[in-house]
>>> print(open('target.txt').read())   # compact mmCIF, C-alpha atoms
# COMPACT_ATOMS: atom_id res chain seq x y z
CA MET S 1270 -58.04 49.40 15.36
CA VAL S 1271 -54.51 48.22 16.11
CA ASP S 1272 -52.57 46.85 13.15
CA GLU S 1273 -51.08 43.92 15.01
CA LEU S 1274 -52.50 40.64 13.74
CA ASN S 1275 -53.12 37.40 15.52
CA ASN S 1276 -51.20 34.56 13.95
CA GLU S 1277 -54.36 32.65 13.14
CA ASP S 1278 -55.87 35.50 11.15
CA PRO S 1279 -55.80 35.10 7.36
CA SER S 1280 -53.27 37.18 5.51
CA PRO S 1281 -54.59 40.21 3.62
CA PRO S 1282 -54.11 40.16 -0.16
CA ALA S 1283 -50.70 41.38 -1.30
CA TYR S 1284 -49.70 43.76 -4.08
CA SER S 1285 -52.82 45.92 -4.39
CA ASN S 1286 -53.30 49.65 -4.81
CA GLU S 1287 -56.82 49.58 -6.23
CA VAL S 1288 -59.05 52.37 -4.88
CA PHE S 1289 -62.81 51.93 -5.11
CA ASP S 1290 -64.16 53.53 -1.93
CA ASP S 1291 -65.08 57.23 -1.95
CA ASP S 1292 -64.50 57.29 1.83
CA ILE S 1293 -60.79 56.53 1.44
CA TYR S 1294 -58.49 59.44 2.28
CA GLY S 1295 -55.28 57.71 1.27
CA GLU S 1296 -52.80 55.04 2.27
CA LEU S 1297 -49.69 54.84 4.45
CA ILE S 1298 -47.05 52.43 3.10
CA LEU S 1299 -43.87 51.40 4.91
CA LEU S 1300 -40.75 51.40 2.77
CA GLY S 1301 -38.81 48.16 2.45
CA PHE S 1302 -41.46 45.46 2.04
CA ASN S 1303 -41.97 45.31 -1.73
CA GLY S 1304 -45.76 45.12 -1.75
CA GLN S 1305 -46.30 42.59 1.02
CA THR S 1306 -49.11 43.74 3.28
CA GLU S 1307 -47.73 42.17 6.43
CA ASN S 1308 -44.48 41.00 7.93
CA ARG S 1309 -43.48 39.10 11.00
CA ALA S 1310 -41.30 40.25 13.87
CA THR S 1311 -40.79 37.94 16.84
CA SER S 1312 -44.09 36.10 17.39
CA LYS S 1313 -46.35 38.83 15.98
CA ARG S 1314 -47.38 40.00 12.56
CA TYR S 1315 -47.66 43.66 11.68
CA LEU S 1316 -49.24 45.38 8.73
CA THR S 1317 -46.87 47.26 6.43
CA LYS S 1318 -49.56 49.49 4.95
CA LYS S 1319 -52.68 51.16 6.29
CA VAL S 1320 -55.64 52.62 4.41
CA LEU S 1321 -57.11 55.70 6.11
CA LYS S 1322 -60.88 56.02 5.65
CA ARG S 1323 -63.54 58.49 6.75
CA ARG S 1324 -64.70 57.45 10.21
CA ASP S 1325 -68.34 56.77 11.02
CA VAL S 1326 -68.04 59.36 13.78
CA ALA S 1327 -65.53 62.19 13.58
CA ASN S 1328 -62.79 62.12 16.24
CA GLY S 1329 -60.89 65.27 15.24
CA ILE S 1330 -59.73 67.83 17.78
CA LYS S 1331 -58.78 71.51 17.90
CA LYS S 1332 -57.14 73.77 20.49
CA CYS S 1333 -59.57 75.47 22.84
CA THR S 1334 -58.00 76.46 26.19
CA VAL S 1335 -54.53 77.04 27.65
CA HIS S 1336 -54.05 76.36 31.37
CA ASN S 1337 -51.06 77.47 33.47
CA LEU S 1338 -50.93 75.07 36.41
CA ALA S 1339 -48.71 73.68 39.09
CA THR S 1340 -47.20 70.37 37.97
CA THR S 1341 -48.92 68.61 40.85
CA ASP S 1342 -52.33 69.90 39.71
CA ASN S 1343 -53.08 67.13 37.24
CA LYS S 1344 -56.85 66.96 37.44
CA ILE S 1345 -57.30 68.12 33.84
CA VAL S 1346 -54.59 65.79 32.57
CA LYS S 1347 -56.16 62.75 34.22
CA ASP S 1348 -59.58 63.49 32.75
CA LYS S 1349 -59.87 60.94 29.92
CA SER S 1350 -62.71 62.86 28.34
CA ARG S 1351 -60.29 65.66 27.43
CA HIS S 1352 -57.37 65.69 25.00
CA THR S 1353 -54.45 67.61 26.51
CA VAL S 1354 -50.83 68.42 25.72
CA SER S 1355 -48.75 69.11 28.84
CA PHE S 1356 -45.46 71.02 28.77
CA HIS S 1357 -43.68 70.61 32.11
CA SER S 1358 -40.93 72.97 33.31
CA ASP S 1359 -38.30 72.75 36.04
CA ASN S 1360 -40.01 75.24 38.33
CA ASN S 1361 -42.98 72.98 39.13
CA LYS S 1362 -45.10 74.76 36.53
CA SER S 1363 -46.91 73.26 33.56
CA VAL S 1364 -48.61 74.66 30.51
CA VAL S 1365 -51.53 72.42 29.60
CA ILE S 1366 -53.22 72.93 26.23
CA GLU S 1367 -56.71 71.55 26.17
CA TYR S 1368 -58.36 70.39 22.94
CA SER S 1369 -62.05 70.18 22.10
CA GLN S 1370 -63.86 67.98 19.60
CA ASP S 1371 -63.74 69.03 15.94
CA PRO S 1372 -66.53 67.34 13.94
CA THR S 1373 -64.96 68.45 10.65
CA LYS S 1374 -61.78 66.37 11.14
CA ASP S 1375 -60.71 62.74 11.55
CA MET S 1376 -57.59 61.94 13.58
CA PHE S 1377 -55.29 58.96 13.00
CA GLN S 1378 -52.33 58.05 15.20
CA ILE S 1379 -49.11 56.22 14.41
CA GLY S 1380 -46.62 54.71 16.84
CA ARG S 1381 -44.86 51.65 18.19
CA ALA S 1382 -47.53 51.01 20.85
CA SER S 1383 -50.30 48.47 20.36
CA ASP S 1384 -52.77 50.57 22.32
CA GLU S 1385 -56.32 50.87 21.07
CA GLN S 1386 -55.97 54.53 20.06
CA ILE S 1387 -53.03 53.77 17.75
CA ASP S 1388 -54.34 53.24 14.21
CA PHE S 1389 -51.08 52.10 12.61
CA THR S 1390 -48.62 50.18 14.78
CA VAL S 1391 -45.12 50.54 13.34
CA ILE S 1392 -41.89 48.95 14.54
CA ASP S 1393 -38.33 49.43 13.32
CA THR S 1394 -37.72 48.22 9.77
CA TRP S 1395 -34.43 46.54 10.69
CA MET S 1396 -36.34 44.06 12.88
CA PHE S 1397 -37.90 42.59 9.72
CA LEU S 1398 -34.70 42.28 7.73
CA PRO S 1399 -33.13 38.82 7.49
CA GLU S 1400 -29.95 38.26 9.42
CA ASN S 1401 -27.84 38.19 6.26
CA SER S 1402 -29.54 41.28 4.80
CA ASP S 1403 -27.25 43.68 2.98
CA ASN S 1404 -28.23 46.85 4.81
CA ALA S 1405 -25.17 48.74 3.62
CA VAL S 1406 -22.90 48.82 0.60
CA PRO S 1407 -19.39 47.70 1.67
CA SER S 1408 -17.84 51.04 0.71
CA ARG S 1409 -20.10 52.90 3.16
CA PRO S 1410 -18.95 53.90 6.65
CA GLN S 1411 -20.04 51.16 9.05
CA SER S 1412 -19.64 52.95 12.40
CA GLU S 1413 -23.37 53.43 12.87
CA ILE S 1414 -24.43 49.98 11.66
CA MET S 1415 -24.85 47.90 14.82
CA GLU S 1416 -25.68 44.30 15.47
CA LYS S 1417 -29.39 43.68 15.90
CA SER S 1418 -28.88 42.29 19.38
CA ASP S 1419 -27.28 45.59 20.43
CA ARG S 1420 -30.05 47.82 19.12
CA THR S 1421 -33.30 48.89 20.70
CA SER S 1422 -36.28 50.55 19.07
CA THR S 1423 -35.95 54.26 18.35
CA ILE S 1424 -39.59 54.76 17.33
CA SER S 1425 -41.77 56.49 19.89
CA ARG S 1426 -44.71 54.55 21.33
CA PHE S 1427 -46.92 57.49 20.34
CA ALA S 1428 -44.96 58.92 17.43
CA CYS S 1429 -47.28 61.22 15.49
CA ARG S 1430 -50.83 62.04 14.50
CA ILE S 1431 -52.56 63.03 11.27
CA LEU S 1432 -55.68 65.19 11.08
CA ILE S 1433 -57.70 65.01 7.86
CA ASP S 1434 -60.58 67.22 6.77
CA ARG S 1435 -63.66 65.02 6.33
CA GLU S 1436 -64.89 66.99 3.30
CA ASN S 1437 -61.54 67.70 1.65
CA SER S 1438 -59.09 64.81 2.06
CA ASN S 1439 -56.30 66.88 0.45
CA LYS S 1440 -56.18 68.79 3.73
CA ALA S 1441 -54.24 66.23 5.77
CA TYR S 1442 -51.86 67.60 8.41
CA LEU S 1443 -49.02 65.90 10.28
CA TYR S 1444 -48.13 66.64 13.92
CA ALA S 1445 -45.37 65.19 16.07
CA ALA S 1446 -46.44 63.07 19.08
CA GLY S 1447 -49.63 61.10 19.64
CA PHE S 1448 -52.03 60.86 22.54
CA ASP S 1449 -51.68 58.06 25.09
CA ALA S 1450 -54.48 56.01 26.67
CA ASN S 1451 -55.28 58.97 28.97
CA GLN S 1452 -55.67 61.25 25.91
CA ASN S 1453 -52.56 63.14 26.96
CA ILE S 1454 -49.26 64.12 25.36
CA SER S 1455 -46.72 64.80 28.10
CA ILE S 1456 -43.56 66.80 27.39
CA ASN S 1457 -41.30 66.47 30.41
CA GLN S 1458 -38.77 68.90 31.86
CA LYS S 1459 -35.83 67.59 29.82
CA SER S 1460 -37.62 67.55 26.45
CA LEU S 1461 -36.96 70.24 23.86
CA LYS S 1462 -39.64 72.95 24.10
CA TRP S 1463 -39.91 76.72 23.75
CA THR S 1464 -42.32 79.65 23.80
CA LYS S 1465 -43.01 81.24 20.42
CA SER S 1466 -43.27 84.99 19.80
CA ASN S 1467 -47.07 84.76 19.93
CA GLY S 1468 -46.93 83.20 23.40
CA GLU S 1469 -47.72 79.62 22.32
CA VAL S 1470 -45.64 76.77 23.72
CA ASP S 1471 -44.30 74.18 21.28
CA GLY S 1472 -41.79 71.33 21.30
CA LEU S 1473 -40.21 68.35 19.55
CA THR S 1474 -40.28 64.67 20.41
CA THR S 1475 -37.12 62.87 21.55
CA ASN S 1476 -35.99 61.46 18.19
CA GLY S 1477 -38.18 63.69 16.07
CA VAL S 1478 -40.65 63.24 13.23
CA LEU S 1479 -39.29 64.22 9.81
CA LEU S 1480 -41.18 64.84 6.60
CA LEU S 1481 -40.15 65.26 2.98
CA HIS S 1482 -42.37 66.71 0.27
CA PRO S 1483 -41.71 65.75 -3.36
CA ASN S 1484 -41.31 68.53 -5.90
CA LYS S 1485 -44.06 67.66 -8.36
CA ASP S 1486 -42.73 70.12 -10.92
CA ASP S 1487 -39.64 68.04 -11.64
CA LEU S 1488 -40.93 64.49 -11.23
CA MET S 1489 -41.06 64.09 -15.01
CA ASP S 1490 -37.59 65.55 -15.52
CA ASP S 1491 -35.17 62.67 -16.11
CA THR S 1492 -32.01 64.73 -15.64
CA ALA S 1493 -29.62 62.59 -13.64
CA ASP S 1494 -27.67 65.31 -11.84
CA LYS S 1495 -30.48 67.02 -9.93
CA PRO S 1496 -29.92 67.79 -6.22
CA MET S 1497 -31.17 65.62 -3.38
CA TYR S 1498 -34.54 66.31 -1.78
CA LYS S 1499 -34.45 67.81 1.72
CA TRP S 1500 -36.03 66.68 4.98
CA ARG S 1501 -37.66 68.91 7.58
CA GLU S 1502 -38.82 68.29 11.16
CA VAL S 1503 -42.38 68.84 12.29
CA SER S 1504 -43.22 70.05 15.81
CA ILE S 1505 -46.00 69.07 18.19
CA ASN S 1506 -48.02 72.09 17.01
CA GLY S 1507 -47.30 71.34 13.36
CA ASP S 1508 -44.64 73.98 12.63
CA VAL S 1509 -41.77 72.98 10.36
CA TYR S 1510 -38.04 73.35 11.12
CA GLU S 1511 -34.69 72.36 9.69
CA PRO S 1512 -33.63 68.94 11.05
CA ARG S 1513 -31.56 68.99 14.22
CA VAL S 1514 -27.82 68.25 13.94
CA THR S 1515 -28.59 64.83 15.41
CA ARG S 1516 -32.00 63.28 15.90
CA SER S 1517 -32.09 63.77 19.70
CA SER S 1518 -30.18 67.05 19.88
CA SER S 1519 -31.31 69.55 22.53
CA ALA S 1520 -31.23 72.44 20.01
CA LYS S 1521 -34.00 72.82 17.45
CA GLY S 1522 -33.34 73.69 13.83
CA VAL S 1523 -34.15 76.94 12.06
CA TYR S 1524 -37.85 77.66 11.52
CA VAL S 1525 -38.90 77.17 7.88
CA PRO S 1526 -42.08 79.23 7.38
CA GLU S 1527 -42.37 78.44 3.67
CA TRP S 1528 -42.82 74.74 4.44
CA THR S 1529 -46.12 73.29 5.62
CA ASN S 1530 -47.11 70.22 7.59
CA MET S 1531 -49.90 69.52 5.08
CA LEU S 1532 -49.24 66.16 3.45
CA GLN S 1533 -48.96 65.89 -0.31
CA ASP S 1534 -49.26 62.85 -2.51
CA GLY S 1535 -45.83 61.25 -2.14
CA THR S 1536 -44.85 62.87 1.17
CA LEU S 1537 -42.46 60.75 3.23
CA ILE S 1538 -42.67 60.55 7.03
CA ASP S 1539 -39.66 59.30 8.99
CA LEU S 1540 -40.11 58.08 12.57
CA CYS S 1541 -36.43 57.35 13.31
CA GLY S 1542 -36.54 53.64 12.61
CA ALA S 1543 -39.15 53.38 9.85
CA THR S 1544 -40.10 55.53 6.86
CA ILE S 1545 -43.68 55.80 5.62
CA LEU S 1546 -44.94 56.94 2.22
CA TRP S 1547 -48.26 58.82 2.09
CA ARG S 1548 -50.33 58.34 -1.05
CA THR S 1549 -53.60 60.22 -1.44
CA ALA S 1550 -56.66 58.52 -2.91
CA ASP S 1551 -56.27 60.62 -6.06
CA GLY S 1552 -52.58 59.78 -6.23
CA LEU S 1553 -53.27 56.05 -5.94
CA GLU S 1554 -55.86 56.34 -8.69
CA ARG S 1555 -53.31 57.99 -11.01
CA SER S 1556 -50.37 55.74 -10.11
CA PRO S 1557 -49.64 52.47 -11.92
CA LYS S 1558 -51.91 49.57 -10.97
CA MET S 1559 -50.48 46.17 -10.22
CA ARG S 1560 -51.99 44.74 -13.40
CA GLU S 1561 -50.21 47.45 -15.45
CA LEU S 1562 -46.85 46.57 -13.91
CA GLU S 1563 -47.50 42.87 -14.48
CA MET S 1564 -48.31 43.64 -18.12
CA ALA S 1565 -45.03 45.54 -18.46
CA LEU S 1566 -43.21 42.53 -17.00
CA ASP S 1567 -45.13 40.15 -19.28
CA ARG S 1568 -44.16 42.24 -22.32
CA LEU S 1569 -40.51 42.02 -21.31
CA ASN S 1570 -40.69 38.25 -20.80
CA ALA S 1571 -42.66 37.88 -24.04
CA GLY S 1572 -39.61 39.26 -25.86
CA ARG S 1573 -37.84 36.04 -24.78
CA PRO S 1574 -34.62 37.65 -23.55
CA GLN S 1575 -31.70 35.30 -24.11
CA CYS S 1576 -28.66 34.39 -22.04
CA PRO S 1577 -25.64 34.74 -24.37
CA VAL S 1578 -23.70 32.11 -22.40
CA ASN S 1579 -26.25 29.37 -21.74
CA LEU S 1580 -28.16 30.24 -24.95
CA ASN S 1581 -31.48 29.81 -23.18
CA THR S 1582 -34.51 32.03 -22.57
CA LEU S 1583 -34.59 34.06 -19.36
CA VAL S 1584 -37.71 34.60 -17.26
CA ILE S 1585 -37.84 37.62 -14.94
CA PRO S 1586 -39.74 36.69 -11.75
CA LYS S 1587 -42.00 38.86 -9.63
CA LYS S 1588 -40.19 37.81 -6.48
CA ARG S 1589 -36.59 36.80 -5.86
CA ASN S 1590 -36.12 33.13 -5.02
CA GLY S 1591 -32.90 32.52 -3.17
CA ARG S 1592 -33.36 28.79 -2.58
CA HIS S 1593 -34.18 27.39 -6.01
CA VAL S 1594 -32.37 29.39 -8.68
CA ASN S 1595 -32.26 27.87 -12.15
CA ARG S 1596 -30.52 28.91 -15.34
CA ARG S 1597 -33.57 30.92 -16.47
CA GLN S 1598 -33.23 33.34 -13.56
CA PRO S 1599 -31.68 36.56 -14.95
CA TYR S 1600 -28.65 38.15 -13.31
CA VAL S 1601 -27.30 41.62 -13.97
CA TYR S 1602 -23.64 42.69 -14.00
CA LEU S 1603 -23.92 45.95 -12.07
CA GLN S 1604 -20.86 47.55 -13.60
CA CYS S 1605 -22.05 47.32 -17.20
CA GLY S 1606 -25.74 46.42 -16.98
CA HIS S 1607 -25.63 43.27 -19.12
CA VAL S 1608 -28.27 40.69 -18.20
CA GLN S 1609 -27.46 36.97 -18.36
CA GLY S 1610 -28.57 33.71 -16.79
CA LYS S 1611 -26.84 31.86 -13.99
CA HIS S 1612 -23.56 30.41 -15.23
CA ASP S 1613 -20.02 29.88 -14.02
CA TRP S 1614 -18.07 31.63 -16.79
CA GLY S 1615 -15.52 33.91 -15.06
CA ILE S 1616 -17.58 33.88 -11.85
CA GLN S 1617 -16.03 34.26 -8.43
CA ILE S 1618 -18.03 33.73 -5.24
CA SER S 1619 -16.96 35.28 -1.94
CA SER S 1620 -19.20 35.23 1.15
CA GLY S 1621 -22.10 34.26 -1.08
CA GLN S 1622 -21.61 37.28 -3.36
CA ARG S 1623 -21.08 36.69 -7.08
CA SER S 1624 -18.56 38.80 -9.01
CA GLY S 1625 -16.58 38.48 -12.19
CA LYS S 1626 -15.86 39.61 -15.75
CA CYS S 1627 -18.82 40.13 -18.09
CA PRO S 1628 -18.54 37.70 -21.05
CA ILE S 1629 -19.98 40.32 -23.42
CA CYS S 1630 -17.98 43.48 -22.70
CA LEU S 1631 -15.21 41.96 -20.51
CA VAL S 1632 -15.77 44.61 -17.81
CA GLU S 1633 -15.21 43.47 -14.22
CA SER S 1634 -18.23 43.71 -11.90
CA ASP S 1635 -17.84 43.51 -8.15
CA ARG S 1636 -21.45 42.45 -7.91
CA ILE S 1637 -23.62 40.19 -10.04
CA VAL S 1638 -27.14 40.02 -8.59
CA GLN S 1639 -30.51 38.49 -9.37
CA LEU S 1640 -33.09 40.65 -11.08
CA SER S 1641 -36.59 40.81 -9.64
CA MET S 1642 -39.62 43.04 -9.97
CA GLY S 1643 -40.34 45.99 -7.72
CA MET S 1644 -43.82 44.85 -6.69
CA GLU S 1645 -45.19 47.77 -4.66
CA PRO S 1646 -47.21 49.84 -7.16
CA SER S 1647 -47.23 52.93 -4.94
CA PHE S 1648 -43.45 53.26 -5.29
CA HIS S 1649 -43.56 53.39 -9.10
CA LEU S 1650 -43.87 56.73 -10.87
CA ASP S 1651 -45.10 55.11 -14.07
CA SER S 1652 -45.65 51.77 -15.75
CA GLY S 1653 -43.09 52.40 -18.45
CA VAL S 1654 -40.40 50.05 -19.70
CA LEU S 1655 -38.76 48.15 -16.83
CA ASP S 1656 -35.28 48.78 -18.20
CA HIS S 1657 -33.46 49.89 -15.04
CA ALA S 1658 -32.55 48.30 -11.72
CA PHE S 1659 -31.44 49.64 -8.38
CA ASN S 1660 -27.81 49.01 -7.49
CA PRO S 1661 -26.95 46.80 -5.61
CA CYS S 1662 -30.25 44.97 -4.92
CA GLY S 1663 -31.47 44.38 -8.49
CA HIS S 1664 -35.10 45.50 -8.10
CA MET S 1665 -36.44 46.56 -11.48
CA ALA S 1666 -38.34 49.76 -12.31
CA SER S 1667 -38.56 52.44 -14.98
CA LYS S 1668 -35.94 55.14 -15.48
CA GLN S 1669 -38.10 57.83 -13.89
CA THR S 1670 -38.72 55.68 -10.81
CA VAL S 1671 -35.06 54.89 -10.14
CA LEU S 1672 -34.04 58.50 -10.81
CA TYR S 1673 -36.61 59.77 -8.33
CA TRP S 1674 -35.78 57.43 -5.46
CA SER S 1675 -32.03 57.86 -5.95
CA ARG S 1676 -32.55 61.56 -5.09
CA ILE S 1677 -34.18 60.85 -1.72
CA PRO S 1678 -31.62 60.48 1.07
CA LEU S 1679 -33.35 58.53 3.84
CA PRO S 1680 -32.26 59.12 7.44
CA GLN S 1681 -29.74 56.53 8.65
CA GLY S 1682 -28.74 56.47 12.30
CA THR S 1683 -28.60 59.80 14.09
CA CYS S 1684 -27.22 62.15 11.45
CA ARG S 1685 -26.60 60.38 8.12
CA TYR S 1686 -28.82 60.52 5.04
CA ASP S 1687 -28.45 57.99 2.21
CA PRO S 1688 -30.69 56.92 -0.69
CA VAL S 1689 -32.18 53.43 -0.46
CA CYS S 1690 -34.17 51.10 -2.66
CA PRO S 1691 -37.81 51.64 -1.61
CA PHE S 1692 -38.65 47.99 -2.27
CA CYS S 1693 -36.10 46.42 0.09
CA TYR S 1694 -34.58 49.37 2.01
CA GLN S 1695 -31.04 48.48 0.93
CA LEU S 1696 -28.61 51.39 0.68
CA LEU S 1697 -27.87 52.36 -2.90
CA ALA S 1698 -24.36 52.54 -4.31
CA THR S 1699 -22.88 56.03 -4.08
CA GLU S 1700 -21.36 56.34 -7.54
CA ARG S 1701 -24.02 54.47 -9.51
CA PRO S 1702 -27.29 54.06 -7.57
CA PHE S 1703 -28.99 52.36 -10.51
CA VAL S 1704 -28.03 50.71 -13.77
CA ARG S 1705 -29.66 50.51 -17.18
CA LEU S 1706 -30.41 46.89 -18.11
CA ILE S 1707 -29.00 45.61 -21.39
CA PHE S 1708 -30.50 42.40 -22.70
CA GLN S 1709 -29.05 40.18 -25.42
CA ASP S 1710 -31.35 41.52 -28.13
CA ASN S 1711 -29.99 45.08 -27.75
CA CYS S 1712 -26.58 44.52 -26.25
CA PHE S 1713 -24.62 46.03 -29.12
CA ASP S 1714 -26.29 49.46 -29.29
CA ASP S 1715 -24.59 52.77 -28.56
CA ASP S 1716 -25.41 52.56 -24.87
CA THR S 1717 -23.36 49.38 -24.54
CA VAL S 1718 -20.30 51.13 -25.89
CA ARG S 1719 -20.91 54.12 -23.62
CA PHE S 1720 -21.34 51.99 -20.47
CA SER S 1721 -18.24 49.94 -21.30
CA ASN S 1722 -16.16 53.06 -21.87
CA GLU S 1723 -17.37 54.62 -18.60
CA ALA S 1724 -16.46 51.47 -16.73
>>> encode(input="target.txt", output="structure tokens")
Amino acid sequence: MVDELNNEDPSPPAYSNEVFDDDIYGELILLGFNGQTENRATSKRYLTKKVLKRRDVANGIKKCTVHNLATTDNKIVKDKSRHTVSFHSDNNKSVVIEYSQDPTKDMFQIGRASDEQIDFTVIDTWMFLPENSDNAVPSRPQSEIMEKSDRTSTISRFACRILIDRENSNKAYLYAAGFDANQNISINQKSLKWTKSNGEVDGLTTNGVLLLHPNKDDLMDDTADKPMYKWREVSINGDVYEPRVTRSSSAKGVYVPEWTNMLQDGTLIDLCGATILWRTADGLERSPKMRELEMALDRLNAGRPQCPVNLNTLVIPKKRNGRHVNRRQPYVYLQCGHVQGKHDWGIQISSGQRSGKCPICLVESDRIVQLSMGMEPSFHLDSGVLDHAFNPCGHMASKQTVLYWSRIPLPQGTCRYDPVCPFCYQLLATERPFVRLIFQDNCFDDDTVRFSNEA
């Protein structure tokens, strides 16, 4: 199945992470789409999440034979009944690794291609962003942020593959590169490849496939000064290395034997243009359900938060509405965290961006943004109080959720890593990636004084 939809097809339901099927292995979710199950690029629609289920007939593979051939001897490679990985060298020699069927595994492939063997078609996230999207905080270096018209896709047509044990879905393994329509992976003369100490040949794809495993031991630790999580690069054979200096560098990173290519609940996969979150079936079952997040939002709105300027009740929406904003839409002053309605007291507007002095604490905020709900349940660590928001986008979540995502530096360009909001993919502010929300009914507690003093 190819996840490219005809325009006349009905849209799948949005905002769901309910798991009822025992045959479900897990789900792949693209970062940046806030729960929507599809998005449009050019004239096509693409899914932003993909459920992986046990196949009716296993299509897994395993290594069986290594052939040393002349490059011109491509009989094995052209045989569509065989899966092969070909490593070509400059001396007209090729190492061809042949794979046989493995009835204990299911294989799923991810890539930019719309070919039949690709299970999840993924294109670059920036193609979905609106033209006026804030894809960088102004204080960030802008040298690598290019105009859309000047950029081409950096995602491989056959980016990676995942093999999952049919009887134990926790055994899911990621490998760089996917098989083309001829069931072949071809590594040409100029591609990065090497022979390991055991005689096996391995290599990396042009822009690489990175993975990041969460440390489950400290997910519940809300200490704010913990170090950033680290990315690693996975090879065609599934070995794990330090990332290259740049994504397409001709020198591989240091081998990291203590890391594994086995996916965990919460593992992130970066394809150099799009980042995917892997949630296991068990993880989805334990994570907050959409109805739980809606209940948390309803409880907050039921408290009838007030705007201290307009003296009216605020209503926090599930989705941001940029066209019809009324006085009940809450805004947050990102420097202090005070939440108010839309008003003109001390407000300055430059290039569509609101800024000004907070009427409550008189602290200047360079940004005053709308609040809206983070609607993708799989990105939330819990369904606790929605008392924090990412800076500068204003997507709301619990403290644990914003702390966690602010520690994940997502790859940007060829060699930069910066945290982003998982709901909209906007870069987070360096000094204060999130802010605690202070509503009128608790705006004079100790935290208000502390935030004002820090500002």
>>> closest_residue(input="target.txt", among="S:Asp1534, S:Val1354, S:Ala1520, S:Gln1378", to="Asn1457 (chain S)", atoms="all atoms listed in the file")
S:Val1354
>>> residues_around(input="target.txt", residues="region 1431-1443 of chain S", least_positions_apart="5", cutoff="12 Å", atoms="only C-alpha atoms", output="VMD selection string")
chain S and resid 1291 to 1297 1321 to 1331 1371 to 1380 1387 to 1389 1448 1478 to 1481 1502 to 1509 1529 to 1534 1536 to 1539 1547 to 1552
>>> residues_around(input="target.txt", residues="Met1642 (chain S)", least_positions_apart="5", cutoff="7 Å", atoms="only C-alpha atoms", output="VMD selection string")
chain S and resid 1586 to 1588 1664 to 1665
>>> write_last_selection(input="target.txt", atoms="C-alpha atoms", output="compact mmCIF listing (two decimals), in the frame of the given file")
# COMPACT_ATOMS: atom_id res chain seq x y z
CA PRO S 1586 -39.74 36.69 -11.75
CA LYS S 1587 -42.00 38.86 -9.63
CA LYS S 1588 -40.19 37.81 -6.48
CA HIS S 1664 -35.10 45.50 -8.10
CA MET S 1665 -36.44 46.56 -11.48
>>> atom_distance(input="target.txt", atom1="CA of Ala1543 (chain S)", atom2="CA of Thr1394 (chain S)")
5.4 Å
>>> residues_around(input="target.txt", residues="Val1523 (chain S)", least_positions_apart="5", cutoff="10 Å", atoms="only C-alpha atoms", output="JSON, numbers by chain")
{"S": [1501, 1502, 1509, 1510, 1511, 1512, 1513]}
>>> write_last_selection(input="target.txt", atoms="C-alpha atoms", output="compact mmCIF listing (two decimals), keeping the file's coordinate frame")
# COMPACT_ATOMS: atom_id res chain seq x y z
CA ARG S 1501 -37.66 68.91 7.58
CA GLU S 1502 -38.82 68.29 11.16
CA VAL S 1509 -41.77 72.98 10.36
CA TYR S 1510 -38.04 73.35 11.12
CA GLU S 1511 -34.69 72.36 9.69
CA PRO S 1512 -33.63 68.94 11.05
CA ARG S 1513 -31.56 68.99 14.22
>>> closest_residue(input="target.txt", among="S:Thr1474, S:Ser1455, S:Ser1634, S:Ser1355", to="Leu1603 (chain S)", atoms="only C-alpha atoms")
S:Ser1634
>>> atom_distance(input="target.txt", atom1="CA of Glu1561 (chain S)", atom2="CA of Lys1495 (chain S)")
28.3 Å
>>> atom_distance(input="target.txt", atom1="CA of Gly1477 (chain S)", atom2="CA of Asp1687 (chain S)")
17.9 Å
>>> residues_around(input="target.txt", residues="region 1667-1676 of chain S", least_positions_apart="4", cutoff="6 Å", atoms="only C-alpha atoms", output="ChimeraX atom specification")
/S:1497,1649-1650,1653-1657,1688
>>> residues_near_point(input="target.txt", point="(-35.3, 66.2, 18.2)", cutoff="6 Å", atoms="all atoms listed in the file", output="PyMOL selection string")
chain S and resi 1473-1477+1516-1518
>>> closest_residue(input="target.txt", among="S:Ser1383, S:Thr1582, S:Gln1370, S:Ser1350", to="Tyr1315 (chain S)", atoms="all atoms listed in the file")
S:Ser1383
>>> closest_residue(input="target.txt", among="S:Arg1596, S:Thr1317, S:Arg1381, S:Gly1610", to="Gly1304 (chain S)", atoms="only C-alpha atoms")
S:Thr1317
>>> residues_around(input="target.txt", residues="Asn1581 (chain S)", least_positions_apart="2", cutoff="12 Å", atoms="only C-alpha atoms", output="ChimeraX atom specification")
/S:1573-1579,1583-1584,1595-1599,1609-1612,1709
>>> closest_residue(input="target.txt", among="S:Lys1459, S:Lys1344, S:Met1396, S:Leu1566", to="His1357 (chain S)", atoms="all atoms listed in the file")
S:Lys1459
>>> closest_residue(input="target.txt", among="S:Ile1629, S:Pro1496, S:Gly1663, S:Leu1553", to="Pro1678 (chain S)", atoms="all atoms listed in the file")
S:Pro1496
